[in-house]
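Reproduced below: final_27.cif, with mmCIF, C-alpha atoms.
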```cif
data_my_file
loop_
_atom_site.label_atom_id
_atom_site.label_comp_id
_atom_site.auth_asym_id
_atom_site.auth_seq_id
_atom_site.Cartn_x
_atom_site.Cartn_y
_atom_site.Cartn_z
CA MET A 78 52.96 94.08 65.99
CA GLU A 79 56.16 92.80 67.54
CA SER A 80 57.95 89.57 66.77
CA LEU A 81 59.53 87.10 69.16
CA GLY A 82 61.48 85.41 66.39
CA SER A 83 64.97 86.77 66.95
CA SER A 84 65.82 84.62 69.95
CA LEU A 85 63.73 81.53 69.26
CA GLU A 86 64.88 78.02 68.53
CA PRO A 87 63.51 76.39 65.37
CA ASN A 88 60.88 74.36 67.26
CA PHE A 89 59.26 77.47 68.77
CA ILE A 90 56.25 79.11 67.20
CA ASP A 91 56.63 82.82 66.59
CA LEU A 92 53.24 84.13 67.72
CA PRO A 93 52.68 87.85 67.17
CA VAL A 94 52.35 90.34 70.01
CA VAL A 95 49.29 92.56 69.58
CA ASN A 96 49.05 95.91 71.34
CA VAL A 97 45.43 96.32 72.43
CA SER A 98 45.95 99.57 74.34
CA PRO A 99 44.12 101.68 71.68
CA LEU A 100 40.90 100.02 72.90
CA LEU A 101 41.39 101.77 76.24
CA PHE A 102 41.38 105.31 74.81
CA VAL A 103 38.84 107.64 76.39
CA GLY A 104 37.05 110.00 74.04
CA GLN A 105 37.57 109.98 70.29
CA PRO A 106 39.75 106.97 69.42
CA ASP A 107 42.55 107.20 66.90
CA SER A 108 41.09 105.60 63.78
CA TYR A 109 44.50 104.71 62.36
CA LEU A 110 45.57 102.89 65.53
CA LEU A 111 42.27 101.03 65.68
CA SER A 112 42.60 100.03 62.03
CA GLU A 113 46.13 98.73 62.68
CA LEU A 114 44.89 96.83 65.74
CA ALA A 115 42.06 95.23 63.77
CA ALA A 116 44.46 94.13 61.04
CA GLN A 117 46.88 92.61 63.57
CA ILE A 118 44.14 90.65 65.33
CA HIS A 119 42.72 89.43 62.02
CA SER A 120 46.13 88.29 60.77
CA ALA A 121 46.93 86.45 64.02
CA CYS A 122 43.55 84.73 64.27
CA THR A 123 43.44 83.59 60.65
CA GLN A 124 47.00 82.26 60.64
CA TYR A 125 47.45 80.89 64.17
CA GLY A 126 44.24 81.36 66.13
CA ALA A 127 46.47 82.72 68.91
CA PHE A 128 48.58 85.71 69.84
CA TYR A 129 50.21 87.44 72.78
CA ILE A 130 49.08 90.66 74.37
CA THR A 131 51.12 92.68 76.81
CA SER A 132 49.88 91.75 80.26
CA PHE A 133 47.62 94.22 82.00
CA PHE A 134 49.16 93.04 85.27
CA ASP A 135 52.52 94.33 86.42
CA ARG A 136 55.20 91.83 87.35
CA GLU A 137 54.39 92.12 91.05
CA ALA A 138 50.75 91.27 90.38
CA GLU A 139 51.76 88.29 88.22
CA LEU A 140 54.04 86.93 90.90
CA ASN A 141 51.35 87.49 93.52
CA ILE A 142 48.79 85.37 91.65
CA LEU A 143 51.46 82.71 91.12
CA LYS A 144 52.08 82.80 94.87
CA ARG A 145 48.36 82.36 95.53
CA ALA A 146 48.28 79.32 93.24
CA ARG A 147 51.28 77.76 94.96
CA GLU A 148 49.75 78.40 98.36
CA PHE A 149 46.74 76.33 97.37
CA PHE A 150 48.69 73.49 95.79
CA ASN A 151 50.99 73.28 98.81
CA LEU A 152 48.06 72.46 101.08
CA SER A 153 47.69 68.92 102.34
CA ASP A 154 45.87 66.44 100.12
CA SER A 155 43.16 66.07 102.76
CA ILE A 156 42.32 69.78 102.57
CA LYS A 157 42.38 69.95 98.78
CA CYS A 158 40.36 66.76 98.39
CA SER A 159 37.66 68.11 100.70
CA ILE A 160 36.36 70.25 97.80
CA PRO A 161 36.51 67.92 94.79
CA VAL A 162 35.08 68.77 91.39
CA LYS A 163 32.12 66.46 90.83
CA SER A 164 30.60 65.02 87.70
CA GLY A 165 27.69 66.84 86.09
CA GLY A 166 29.52 69.68 84.36
CA PHE A 167 29.63 72.23 87.20
CA THR A 168 33.41 72.31 87.55
CA ARG A 169 34.21 74.16 90.76
CA GLY A 170 36.78 72.96 93.26
CA TYR A 171 39.85 70.73 93.26
CA ILE A 172 40.86 68.47 90.38
CA GLY A 173 43.26 65.83 91.62
CA VAL A 174 46.04 64.13 89.68
CA GLY A 175 44.45 61.93 87.02
CA ALA A 176 40.97 63.23 87.78
CA GLU A 177 40.49 64.75 84.34
CA SER A 178 41.66 63.89 80.82
CA GLY A 179 40.70 64.72 77.26
CA SER A 180 41.93 61.33 76.02
CA TYR A 181 42.95 57.87 77.21
CA ARG A 182 46.22 59.33 78.54
CA PHE A 183 46.99 60.11 82.17
CA GLU A 184 47.16 63.88 82.62
CA PHE A 185 49.85 64.41 85.26
CA LYS A 186 48.52 67.64 86.74
CA GLU A 187 46.30 69.03 89.46
CA ALA A 188 44.06 72.08 89.28
CA PHE A 189 41.78 74.43 91.15
CA SER A 190 38.71 75.66 89.30
CA TYR A 191 36.50 78.60 90.21
CA GLY A 192 34.36 81.24 88.57
CA TYR A 193 32.00 84.12 89.17
CA GLU A 194 31.53 84.82 92.87
CA TRP A 195 27.88 83.90 93.07
CA ASP A 196 25.65 85.53 95.67
CA PRO A 197 24.42 82.62 97.83
CA LEU A 198 21.05 84.36 98.17
CA MET A 199 20.52 84.31 94.40
CA ILE A 200 18.93 81.33 92.68
CA PRO A 201 21.02 80.14 89.71
CA SER A 202 19.24 80.31 86.36
CA ASN A 203 21.10 77.36 84.83
CA PRO A 204 23.23 74.35 85.92
CA LEU A 205 26.56 76.13 85.28
CA GLU A 206 25.79 78.98 87.67
CA GLY A 207 26.27 78.70 91.40
CA PRO A 208 28.62 79.29 94.34
CA ASN A 209 32.30 78.46 94.15
CA GLU A 210 33.68 75.59 96.20
CA TRP A 211 35.78 77.42 98.77
CA GLY A 212 35.16 74.91 101.54
CA LYS A 213 37.30 75.85 104.54
CA LEU A 214 40.18 77.21 102.48
CA GLU A 215 40.04 80.58 104.21
CA GLU A 216 40.93 78.89 107.49
CA SER A 217 44.21 77.78 105.93
CA LEU A 218 44.88 80.57 103.43
CA GLY A 219 43.11 83.61 104.90
CA THR A 220 40.42 85.91 103.57
CA GLU A 221 42.85 87.91 101.38
CA TRP A 222 43.61 84.77 99.39
CA ARG A 223 39.98 84.46 98.31
CA LYS A 224 39.70 88.19 97.64
CA SER A 225 42.79 88.06 95.42
CA LEU A 226 41.33 85.23 93.34
CA ASN A 227 37.99 87.00 92.90
CA LYS A 228 39.76 90.21 91.88
CA PHE A 229 41.86 88.30 89.35
CA PHE A 230 38.74 86.68 87.88
CA SER A 231 37.01 90.05 87.49
CA GLU A 232 40.08 91.54 85.83
CA MET A 233 40.25 88.69 83.34
CA VAL A 234 36.57 89.11 82.50
CA SER A 235 37.19 92.79 81.78
CA LEU A 236 40.17 91.92 79.62
CA ALA A 237 38.16 89.34 77.66
CA GLU A 238 35.39 91.90 77.09
CA LEU A 239 38.02 94.32 75.79
CA LEU A 240 39.31 91.69 73.40
CA VAL A 241 35.79 91.07 72.11
CA LYS A 242 35.69 94.74 71.09
CA GLY A 243 38.94 94.22 69.21
CA LEU A 244 37.52 91.14 67.49
CA GLU A 245 34.45 93.14 66.47
CA LEU A 246 36.72 95.67 64.77
CA ALA A 247 38.62 92.89 63.02
CA LEU A 248 35.53 91.02 61.81
CA GLN A 249 33.20 93.99 61.34
CA ILE A 250 30.36 92.11 63.03
CA GLU A 251 28.68 92.37 66.43
CA LEU A 252 29.94 89.81 68.94
CA GLN A 253 29.00 91.18 72.33
CA LYS A 254 25.42 89.92 72.00
CA TYR A 255 26.75 86.35 72.20
CA CYS A 256 28.68 87.06 75.39
CA VAL A 257 26.25 88.97 77.63
CA GLY A 258 26.00 86.91 80.82
CA GLY A 259 28.80 84.60 79.75
CA GLU A 260 30.95 85.70 82.68
CA ASN A 261 28.54 83.88 85.01
CA ILE A 262 29.55 80.50 83.54
CA SER A 263 33.15 81.30 82.55
CA LEU A 264 35.94 79.55 84.42
CA MET A 265 39.31 80.35 85.92
CA ARG A 266 41.66 77.45 86.48
CA PHE A 267 45.02 77.30 88.23
CA PHE A 268 47.15 74.40 86.97
CA ARG A 269 50.16 72.68 88.45
CA TYR A 270 51.87 70.36 85.97
CA PHE A 271 54.26 67.76 87.35
CA PRO A 272 57.45 66.65 85.57
CA TYR A 273 57.53 63.21 83.99
CA SER A 274 59.64 61.23 81.55
CA ASN A 275 58.02 59.73 78.46
CA GLU A 276 60.69 57.03 78.46
CA SER A 277 59.41 55.62 81.74
CA LYS A 278 55.81 56.87 81.54
CA PRO A 279 54.81 56.98 77.85
CA GLU A 280 51.11 57.23 78.73
CA PHE A 281 51.66 60.44 80.73
CA ILE A 282 50.96 63.92 79.42
CA GLY A 283 50.34 67.32 80.96
CA SER A 284 47.21 68.03 78.94
CA SER A 285 45.92 65.93 76.04
CA PRO A 286 45.76 67.45 72.55
CA HIS A 287 42.57 69.50 72.28
CA THR A 288 40.96 72.69 71.13
CA ASP A 289 39.11 74.88 73.63
CA TRP A 290 35.33 74.75 73.41
CA GLY A 291 34.46 78.33 74.31
CA PHE A 292 34.82 81.84 72.93
CA LEU A 293 38.30 82.90 74.06
CA THR A 294 41.00 81.50 76.33
CA LEU A 295 43.44 83.75 78.16
CA LEU A 296 46.59 82.14 79.57
CA LEU A 297 49.00 83.64 82.09
CA GLN A 298 52.38 81.90 82.46
CA PRO A 299 54.24 83.84 85.17
CA ASP A 300 57.40 81.70 85.15
CA LYS A 301 59.67 80.77 82.24
CA ILE A 302 58.95 77.04 82.13
CA THR A 303 57.95 75.91 78.64
CA GLY A 304 55.30 73.24 78.17
CA LEU A 305 52.47 74.60 76.05
CA GLN A 306 52.59 73.49 72.40
CA LEU A 307 50.49 74.37 69.34
CA PHE A 308 50.03 72.01 66.41
CA TYR A 309 50.99 74.22 63.51
CA ASP A 310 52.17 73.42 59.99
CA ASN A 311 51.89 69.68 60.69
CA GLU A 312 54.13 69.65 63.76
CA TRP A 313 54.04 70.45 67.46
CA ARG A 314 55.61 73.83 68.17
CA ASP A 315 56.55 75.20 71.59
CA VAL A 316 54.84 78.40 72.74
CA PRO A 317 57.46 80.42 74.64
CA SER A 318 56.54 81.27 78.20
CA LYS A 319 56.84 85.04 78.21
CA PRO A 320 56.37 86.76 81.60
CA GLY A 321 54.62 90.09 81.19
CA HIS A 322 52.41 88.75 78.40
CA ILE A 323 49.15 86.83 78.14
CA VAL A 324 48.51 84.19 75.49
CA VAL A 325 45.11 84.61 73.82
CA ASN A 326 43.64 81.82 71.73
CA CYS A 327 40.37 81.52 69.88
CA GLY A 328 37.90 78.88 71.01
CA ASP A 329 35.71 76.52 69.03
CA TYR A 330 32.64 78.74 69.40
CA LEU A 331 34.43 81.75 67.88
CA SER A 332 35.86 79.60 65.10
CA LEU A 333 32.39 78.29 64.24
CA LEU A 334 30.94 81.78 64.44
CA THR A 335 33.43 82.87 61.77
CA ARG A 336 32.82 79.70 59.72
CA GLY A 337 36.40 78.62 60.32
CA LEU A 338 38.03 81.89 59.30
CA TYR A 339 39.47 82.27 62.80
CA LYS A 340 41.25 79.10 63.86
CA SER A 341 40.73 77.34 67.16
CA PRO A 342 44.25 75.96 67.54
CA LEU A 343 44.97 72.39 68.57
CA HIS A 344 47.28 72.46 71.58
CA ARG A 345 48.64 70.35 74.40
CA VAL A 346 50.89 70.57 77.45
CA ILE A 347 53.98 68.40 77.87
CA SER A 348 56.78 68.23 80.44
CA ASP A 349 60.45 69.06 80.15
CA GLY A 350 61.04 66.14 82.53
CA ILE A 351 62.55 68.37 85.22
CA ASN A 352 60.41 71.30 86.29
CA GLU A 353 56.96 71.83 87.69
CA ARG A 354 54.94 74.30 85.64
CA TYR A 355 52.18 76.65 86.78
CA SER A 356 49.65 78.44 84.64
CA MET A 357 46.46 80.42 85.15
CA VAL A 358 43.88 79.84 82.42
CA PHE A 359 40.67 81.81 81.93
CA PHE A 360 37.98 80.22 79.77
CA TYR A 361 35.66 82.94 78.52
CA TYR A 362 32.31 81.52 77.43
CA PRO A 363 29.36 82.85 75.47
CA LYS A 364 26.07 83.07 77.33
CA TYR A 365 24.52 79.82 78.49
CA ASP A 366 21.51 79.80 76.15
CA SER A 367 23.41 80.71 72.99
CA HIS A 368 23.51 78.01 70.34
CA ILE A 369 26.43 76.48 68.48
CA PRO A 370 26.54 78.65 65.32
CA PHE A 371 26.25 77.61 61.69
CA VAL A 372 26.74 73.90 62.36
CA GLN A 373 24.73 72.51 59.49
CA ASN A 374 26.17 74.92 56.94
CA THR A 375 29.87 74.54 57.66
CA LEU A 376 30.61 70.89 58.42
CA SER A 377 31.37 69.39 55.05
CA ASP A 378 33.36 66.18 55.06
CA ASP A 379 36.62 67.97 54.34
CA SER A 380 36.05 70.87 56.74
CA GLU A 381 38.73 71.46 59.39
CA LEU A 382 35.90 72.46 61.71
CA ARG A 383 35.03 68.78 62.08
CA ASP A 384 38.33 68.34 63.97
CA LEU A 385 37.38 70.73 66.77
CA SER A 386 37.23 69.16 70.21
CA ILE A 387 33.69 70.40 70.70
CA PHE A 388 32.68 67.68 68.18
CA GLN A 389 34.92 64.94 69.59
CA ASN A 390 34.13 62.20 72.07
CA GLN A 391 36.76 63.00 74.71
CA THR A 392 36.19 59.91 76.81
CA LEU A 393 38.69 57.28 77.89
CA THR A 394 38.70 55.65 74.46
CA MET A 395 39.79 58.67 72.46
CA ASP A 396 43.33 58.43 71.09
CA GLY A 397 45.07 61.80 71.11
CA ASP A 398 48.44 60.55 69.83
CA GLN A 399 49.85 61.18 66.41
CA VAL A 400 49.83 58.99 63.35
CA ALA A 401 51.98 60.19 60.48
CA ASN A 402 52.68 63.33 62.52
CA LYS A 403 49.01 64.27 62.78
CA PRO A 404 46.69 63.79 65.77
CA ILE A 405 43.98 61.18 65.42
CA ARG A 406 40.53 62.78 65.24
CA GLN A 407 37.05 61.37 64.95
CA THR A 408 34.31 62.15 62.46
CA PRO A 409 31.26 63.54 64.27
CA ASN A 410 28.23 61.34 63.77
CA ALA A 411 24.66 62.37 63.02
CA ASP A 412 23.65 62.17 66.68
CA THR A 413 26.38 64.63 67.61
CA MET A 414 25.19 67.03 64.93
CA CYS A 415 21.63 66.72 66.18
CA ASP A 416 22.73 67.46 69.75
CA LEU A 417 24.62 70.55 68.64
CA GLY A 418 21.68 71.82 66.67
CA SER A 419 19.16 71.41 69.48
CA LYS A 420 21.06 72.09 72.72
CA SER A 421 22.17 75.40 74.14
CA PHE A 422 25.89 76.06 74.44
CA GLY A 423 25.66 75.72 78.22
CA ASP A 424 23.90 72.36 78.11
CA TYR A 425 26.40 71.03 75.63
CA ILE A 426 29.43 72.31 77.56
CA ALA A 427 28.16 70.69 80.73
CA HIS A 428 28.11 67.46 78.73
CA LYS A 429 31.66 68.13 77.50
CA TRP A 430 33.00 68.67 81.02
CA ASP A 431 31.42 65.37 81.98
CA GLN A 432 33.26 63.69 79.10
CA VAL A 433 36.69 64.70 80.43
CA PHE A 434 35.81 64.04 84.08
CA ARG A 435 37.45 60.92 85.43
CA LYS A 436 37.50 60.93 89.20
CA ASN A 437 39.52 62.44 92.01
CA VAL A 438 42.17 59.91 92.92
#
```
Entire entry expressed as structure tokens:
Amino acid sequence: MESLGSSLEPNFIDLPVVNVSPLLFVGQPDSYLLSELAAQIHSACTQYGAFYITSFFDREAELNILKRAREFFNLSDSIKCSIPVKSGGFTRGYIGVGAESGSYRFEFKEAFSYGYEWDPLMIPSNPLEGPNEWGKLEESLGTEWRKSLNKFFSEMVSLAELLVKGLELALQIELQKYCVGGENISLMRFFRYFPYSNESKPEFIGSSPHTDWGFLTLLLQPDKITGLQLFYDNEWRDVPSKPGHIVVNCGDYLSLLTRGLYKSPLHRVISDGINERYSMVFFYYPKYDSHIPFVQNTLSDDSELRDLSIFQNQTLTMDGDQVANKPIRQTPNADTMCDLGSKSFGDYIAHKWDQVFRKNV
């Protein structure tokens, strides 16, 4: 397990780099290498809830997907706004500036959201399945643009499935049963974060403080613009943008499944005030009809699990700022607990996406 600590400034977090290549071995795997891999994953997930892996995409492929993202964001507003994400939880299409926020703050970003390339002849089995919102993008960007995005999505699904195998080794429990079919509702999002100054726009932020609701999140940052921060050891720490690597972080579902052993890290995105920042984020979800695990048994009053965003009301009234250097969180009420105990993961996540939906402006 490598370290990035030698060249980092004090405000950077030194996330470990985990080599997951032993999971790709054909035939009899090397038991020592697998044991080392399991230990590295376990250490990273219990301490940080996040780690780097060496990217499975070469630099040319990374730059190509960055190019595809820029091609979309450089389209006219009229073209992008012709395929807006709508309320209801099915988040496919364009998310305009200010159209989504996990708090009262104005998230100064735009995004394109897509997922599994659904066969239009197939009838979806739940509200989070269905065709992507491509609109007439191929007229402007060409057929290869869409093919590239679908290929990238499939590759990230395969990588997430590989990581689940590594997590199974680390935890010594079966996890794949929770994920079968999850790729159908998982999401890929391209983000473009705009620069801002907190002196002139104190209400602006790139992405409000939050934890991710799902199983795993995989983040590709092809350029070297810093903006992602983790709340660790009672302070916000910068996550270095490291081309050639993917940031992996545990989601709320995985944290709950492990009864809090694996952390779902609180994070946000801020601006350096100068540069635009692009990122490609894959949200890997468990299957739609899985249930939020172990809720009633783990949520004591002092449990850190109560701080997870999956339990928070992320509407306009939520305050995501810091008081005494710690983000304000809310205590889940009995109704929230009842909802979590009775609803499927998919139903609840559709509700969560509706919470952060504002409008396309």
Quick one: contact table of region 260-345 of chain A to region 118-135 of chain A, 10 Å max, nearest atom pair and distance in Å to one decimal per residue, counting all atoms listed in the file, chain and number order, as a Markdown table?
```
| residue | atom | partner | partner_atom | distance |
| --- | --- | --- | --- | --- |
| A:Leu293 | CA | A:Ala127 | CA | 9.7 |
| A:Thr294 | CA | A:Ala127 | CA | 9.3 |
| A:Leu295 | CA | A:Tyr129 | CA | 9.4 |
| A:Leu296 | CA | A:Tyr129 | CA | 9.3 |
| A:Leu297 | CA | A:Ser132 | CA | 8.4 |
| A:Leu307 | CA | A:Tyr125 | CA | 8.9 |
| A:Phe308 | CA | A:Tyr125 | CA | 9.5 |
| A:Tyr309 | CA | A:Tyr125 | CA | 7.6 |
| A:Asp310 | CA | A:Tyr125 | CA | 9.8 |
| A:Lys319 | CA | A:Tyr129 | CA | 8.9 |
| A:Pro320 | CA | A:Ser132 | CA | 8.3 |
| A:Gly321 | CA | A:Ser132 | CA | 5.1 |
| A:His322 | CA | A:Ser132 | CA | 4.3 |
| A:Ile323 | CA | A:Ile130 | CA | 5.4 |
| A:Val324 | CA | A:Tyr129 | CA | 4.6 |
| A:Val325 | CA | A:Phe128 | CA | 5.4 |
| A:Asn326 | CA | A:Ala127 | CA | 4.1 |
| A:Cys327 | CA | A:Gly126 | CA | 5.4 |
| A:Gly328 | CA | A:Gly126 | CA | 8.4 |
| A:Leu331 | CA | A:Gly126 | CA | 10.0 |
| A:Ser332 | CA | A:Gly126 | CA | 8.6 |
| A:Gly337 | CA | A:Thr123 | CA | 8.6 |
| A:Leu338 | CA | A:Thr123 | CA | 5.8 |
| A:Tyr339 | CA | A:Thr123 | CA | 4.7 |
| A:Lys340 | CA | A:Gly126 | CA | 4.4 |
| A:Ser341 | CA | A:Gly126 | CA | 5.4 |
| A:Pro342 | CA | A:Gly126 | CA | 5.6 |
| A:Leu343 | CA | A:Gly126 | CA | 9.3 |
```
Dump as a PDB file, in the frame of the given file, selection limited to C-alpha atoms:
```pdb
ATOM      1  CA  LEU A 293      38.300  82.900  74.060  1.00  0.00           C
ATOM      2  CA  THR A 294      41.000  81.500  76.330  1.00  0.00           C
ATOM      3  CA  LEU A 295      43.440  83.750  78.160  1.00  0.00           C
ATOM      4  CA  LEU A 296      46.590  82.140  79.570  1.00  0.00           C
ATOM      5  CA  LEU A 297      49.000  83.640  82.090  1.00  0.00           C
ATOM      6  CA  LEU A 307      50.490  74.370  69.340  1.00  0.00           C
ATOM      7  CA  PHE A 308      50.030  72.010  66.410  1.00  0.00           C
ATOM      8  CA  TYR A 309      50.990  74.220  63.510  1.00  0.00           C
ATOM      9  CA  ASP A 310      52.170  73.420  59.990  1.00  0.00           C
ATOM     10  CA  LYS A 319      56.840  85.040  78.210  1.00  0.00           C
ATOM     11  CA  PRO A 320      56.370  86.760  81.600  1.00  0.00           C
ATOM     12  CA  GLY A 321      54.620  90.090  81.190  1.00  0.00           C
ATOM     13  CA  HIS A 322      52.410  88.750  78.400  1.00  0.00           C
ATOM     14  CA  ILE A 323      49.150  86.830  78.140  1.00  0.00           C
ATOM     15  CA  VAL A 324      48.510  84.190  75.490  1.00  0.00           C
ATOM     16  CA  VAL A 325      45.110  84.610  73.820  1.00  0.00           C
ATOM     17  CA  ASN A 326      43.640  81.820  71.730  1.00  0.00           C
ATOM     18  CA  CYS A 327      40.370  81.520  69.880  1.00  0.00           C
ATOM     19  CA  GLY A 328      37.900  78.880  71.010  1.00  0.00           C
ATOM     20  CA  LEU A 331      34.430  81.750  67.880  1.00  0.00           C
ATOM     21  CA  SER A 332      35.860  79.600  65.100  1.00  0.00           C
ATOM     22  CA  GLY A 337      36.400  78.620  60.320  1.00  0.00           C
ATOM     23  CA  LEU A 338      38.030  81.890  59.300  1.00  0.00           C
ATOM     24  CA  TYR A 339      39.470  82.270  62.800  1.00  0.00           C
ATOM     25  CA  LYS A 340      41.250  79.100  63.860  1.00  0.00           C
ATOM     26  CA  SER A 341      40.730  77.340  67.160  1.00  0.00           C
ATOM     27  CA  PRO A 342      44.250  75.960  67.540  1.00  0.00           C
ATOM     28  CA  LEU A 343      44.970  72.390  68.570  1.00  0.00           C
TER      29      LEU A 343
END
```
If we count only C-alpha atoms, what is near Gly350 (chain A) at a cut-off of 7 Å, once residues fewer than 6 positions away on the same chain are taken out, given as a PyMOL selection string? chain A and resi 272-274
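Coordinates place CA of Glu353 (chain A) at a distance of 28.6 Å from CA of Val95 (chain A).
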Run through the PyMOL selection byres ((chain A and resi 278) around 12) on the given coordinates and return the selected residues as a PyMOL selection string. chain A and resi 182-185+272-277+279-283+348+350
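Of the residues listed (A:Glu381, A:Glu245, A:Asp349, A:Glu221), A:Asp349 shows the shortest atom-to-atom separation from Asp315 (chain A); distances use all atoms listed in the file.
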Return the single residue from A:Thr303, A:Gln117, A:Ser108, A:Thr168 that is closest to Tyr355 (chain A), with distances computed using all atoms listed in the file. A:Thr303
Starting from the point (45.2, 81.6, 87.4), work out which residues of protein, DNA or RNA have an atom no more than 12 Å away when counting all atoms listed in the file; state them as a PyMOL selection string. chain A and resi 138-147+149+188-192+225-233+264-269+294-299+323+355-360
Can you measure CA of His428 (chain A) to CA of Pro370 (chain A) for me? One decimal in Å is fine. 17.5 Å
Quick check on the file I pasted: which residues fall under the PyMOL selection byres ((chain A and resi 386) around 8)? Write them as a list in words. His287, Thr288, Asp289, Trp290, Asp329, Asp384, Leu385, Ile387, Phe388, Gln389, Asn390 and Gln391 of chain A
Residues in the PyMOL selection byres ((chain A and resi 250-257) around 9), expressed as number ranges by chain: A: 238, 241-242, 244-249, 258-260, 292, 361-365, 367
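Across the model, the gap from CA of Leu114 (chain A) to CA of Val94 (chain A) is 10.8 Å.
Using only C-alpha atoms, the contacts of Asp366 (chain A) at a cut-off of 8 Å, with sequence neighbours closer than 2 positions omitted, comprise A:Lys364, A:His368, A:Ser421, A:Phe422, A:Gly423.
With only C-alpha atoms as the atoms that count, the minimum distance from Phe271 (chain A) to the choices A:Phe434, A:Tyr330, A:Phe150, A:Trp211 is reached by A:Phe150.
Counting all atoms listed in the file and comparing A:Pro317, A:Gly304, A:Gly175, A:Pro106, the residue that lies closest to Ile351 (chain A) is A:Gly304.
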Quick one: region 171-184 of chain A with N, CA, C and O atoms, as a PDB file, keeping the file's coordinate frame?
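To be explicit, this is the file written out as rebuild.pdb:
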```
ATOM      1  N   TYR A 171      38.532  71.330  93.492  1.00  0.00           N
ATOM      2  CA  TYR A 171      39.850  70.730  93.260  1.00  0.00           C
ATOM      3  C   TYR A 171      39.765  69.572  92.282  1.00  0.00           C
ATOM      4  O   TYR A 171      38.867  68.726  92.361  1.00  0.00           O
ATOM      5  N   ILE A 172      40.728  69.544  91.354  1.00  0.00           N
ATOM      6  CA  ILE A 172      40.860  68.470  90.380  1.00  0.00           C
ATOM      7  C   ILE A 172      42.171  67.755  90.690  1.00  0.00           C
ATOM      8  O   ILE A 172      43.256  68.312  90.479  1.00  0.00           O
ATOM      9  N   GLY A 173      42.076  66.561  91.224  1.00  0.00           N
ATOM     10  CA  GLY A 173      43.260  65.830  91.620  1.00  0.00           C
ATOM     11  C   GLY A 173      44.016  65.246  90.442  1.00  0.00           C
ATOM     12  O   GLY A 173      43.550  65.256  89.302  1.00  0.00           O
ATOM     13  N   VAL A 174      45.202  64.732  90.722  1.00  0.00           N
ATOM     14  CA  VAL A 174      46.040  64.130  89.680  1.00  0.00           C
ATOM     15  C   VAL A 174      45.295  62.957  89.046  1.00  0.00           C
ATOM     16  O   VAL A 174      44.831  62.052  89.741  1.00  0.00           O
ATOM     17  N   GLY A 175      45.145  62.996  87.738  1.00  0.00           N
ATOM     18  CA  GLY A 175      44.450  61.930  87.020  1.00  0.00           C
ATOM     19  C   GLY A 175      42.947  62.040  87.043  1.00  0.00           C
ATOM     20  O   GLY A 175      42.260  61.178  86.498  1.00  0.00           O
ATOM     21  N   ALA A 176      42.414  63.115  87.628  1.00  0.00           N
ATOM     22  CA  ALA A 176      40.970  63.230  87.780  1.00  0.00           C
ATOM     23  C   ALA A 176      40.277  63.796  86.548  1.00  0.00           C
ATOM     24  O   ALA A 176      39.053  63.889  86.504  1.00  0.00           O
ATOM     25  N   GLU A 177      41.061  64.183  85.547  1.00  0.00           N
ATOM     26  CA  GLU A 177      40.490  64.750  84.340  1.00  0.00           C
ATOM     27  C   GLU A 177      41.419  64.436  83.170  1.00  0.00           C
ATOM     28  O   GLU A 177      42.643  64.438  83.307  1.00  0.00           O
ATOM     29  N   SER A 178      40.843  64.129  82.013  1.00  0.00           N
ATOM     30  CA  SER A 178      41.660  63.890  80.820  1.00  0.00           C
ATOM     31  C   SER A 178      40.795  64.025  79.584  1.00  0.00           C
ATOM     32  O   SER A 178      39.645  63.603  79.571  1.00  0.00           O
ATOM     33  N   GLY A 179      41.383  64.599  78.536  1.00  0.00           N
ATOM     34  CA  GLY A 179      40.700  64.720  77.260  1.00  0.00           C
ATOM     35  C   GLY A 179      40.980  63.565  76.330  1.00  0.00           C
ATOM     36  O   GLY A 179      40.633  63.616  75.153  1.00  0.00           O
ATOM     37  N   SER A 180      41.623  62.494  76.838  1.00  0.00           N
ATOM     38  CA  SER A 180      41.930  61.330  76.020  1.00  0.00           C
ATOM     39  C   SER A 180      42.123  60.133  76.951  1.00  0.00           C
ATOM     40  O   SER A 180      41.834  60.199  78.146  1.00  0.00           O
ATOM     41  N   TYR A 181      42.664  59.044  76.389  1.00  0.00           N
ATOM     42  CA  TYR A 181      42.950  57.870  77.210  1.00  0.00           C
ATOM     43  C   TYR A 181      44.177  58.092  78.090  1.00  0.00           C
ATOM     44  O   TYR A 181      44.444  57.320  79.006  1.00  0.00           O
ATOM     45  N   ARG A 182      44.958  59.140  77.845  1.00  0.00           N
ATOM     46  CA  ARG A 182      46.220  59.330  78.540  1.00  0.00           C
ATOM     47  C   ARG A 182      46.034  59.895  79.936  1.00  0.00           C
ATOM     48  O   ARG A 182      45.013  60.526  80.246  1.00  0.00           O
ATOM     49  N   PHE A 183      47.023  59.668  80.772  1.00  0.00           N
ATOM     50  CA  PHE A 183      46.990  60.110  82.170  1.00  0.00           C
ATOM     51  C   PHE A 183      47.574  61.519  82.234  1.00  0.00           C
ATOM     52  O   PHE A 183      48.753  61.729  81.965  1.00  0.00           O
ATOM     53  N   GLU A 184      46.724  62.496  82.564  1.00  0.00           N
ATOM     54  CA  GLU A 184      47.160  63.880  82.620  1.00  0.00           C
ATOM     55  C   GLU A 184      47.758  64.159  83.998  1.00  0.00           C
ATOM     56  O   GLU A 184      47.044  64.228  84.999  1.00  0.00           O
TER      57      GLU A 184
END
```
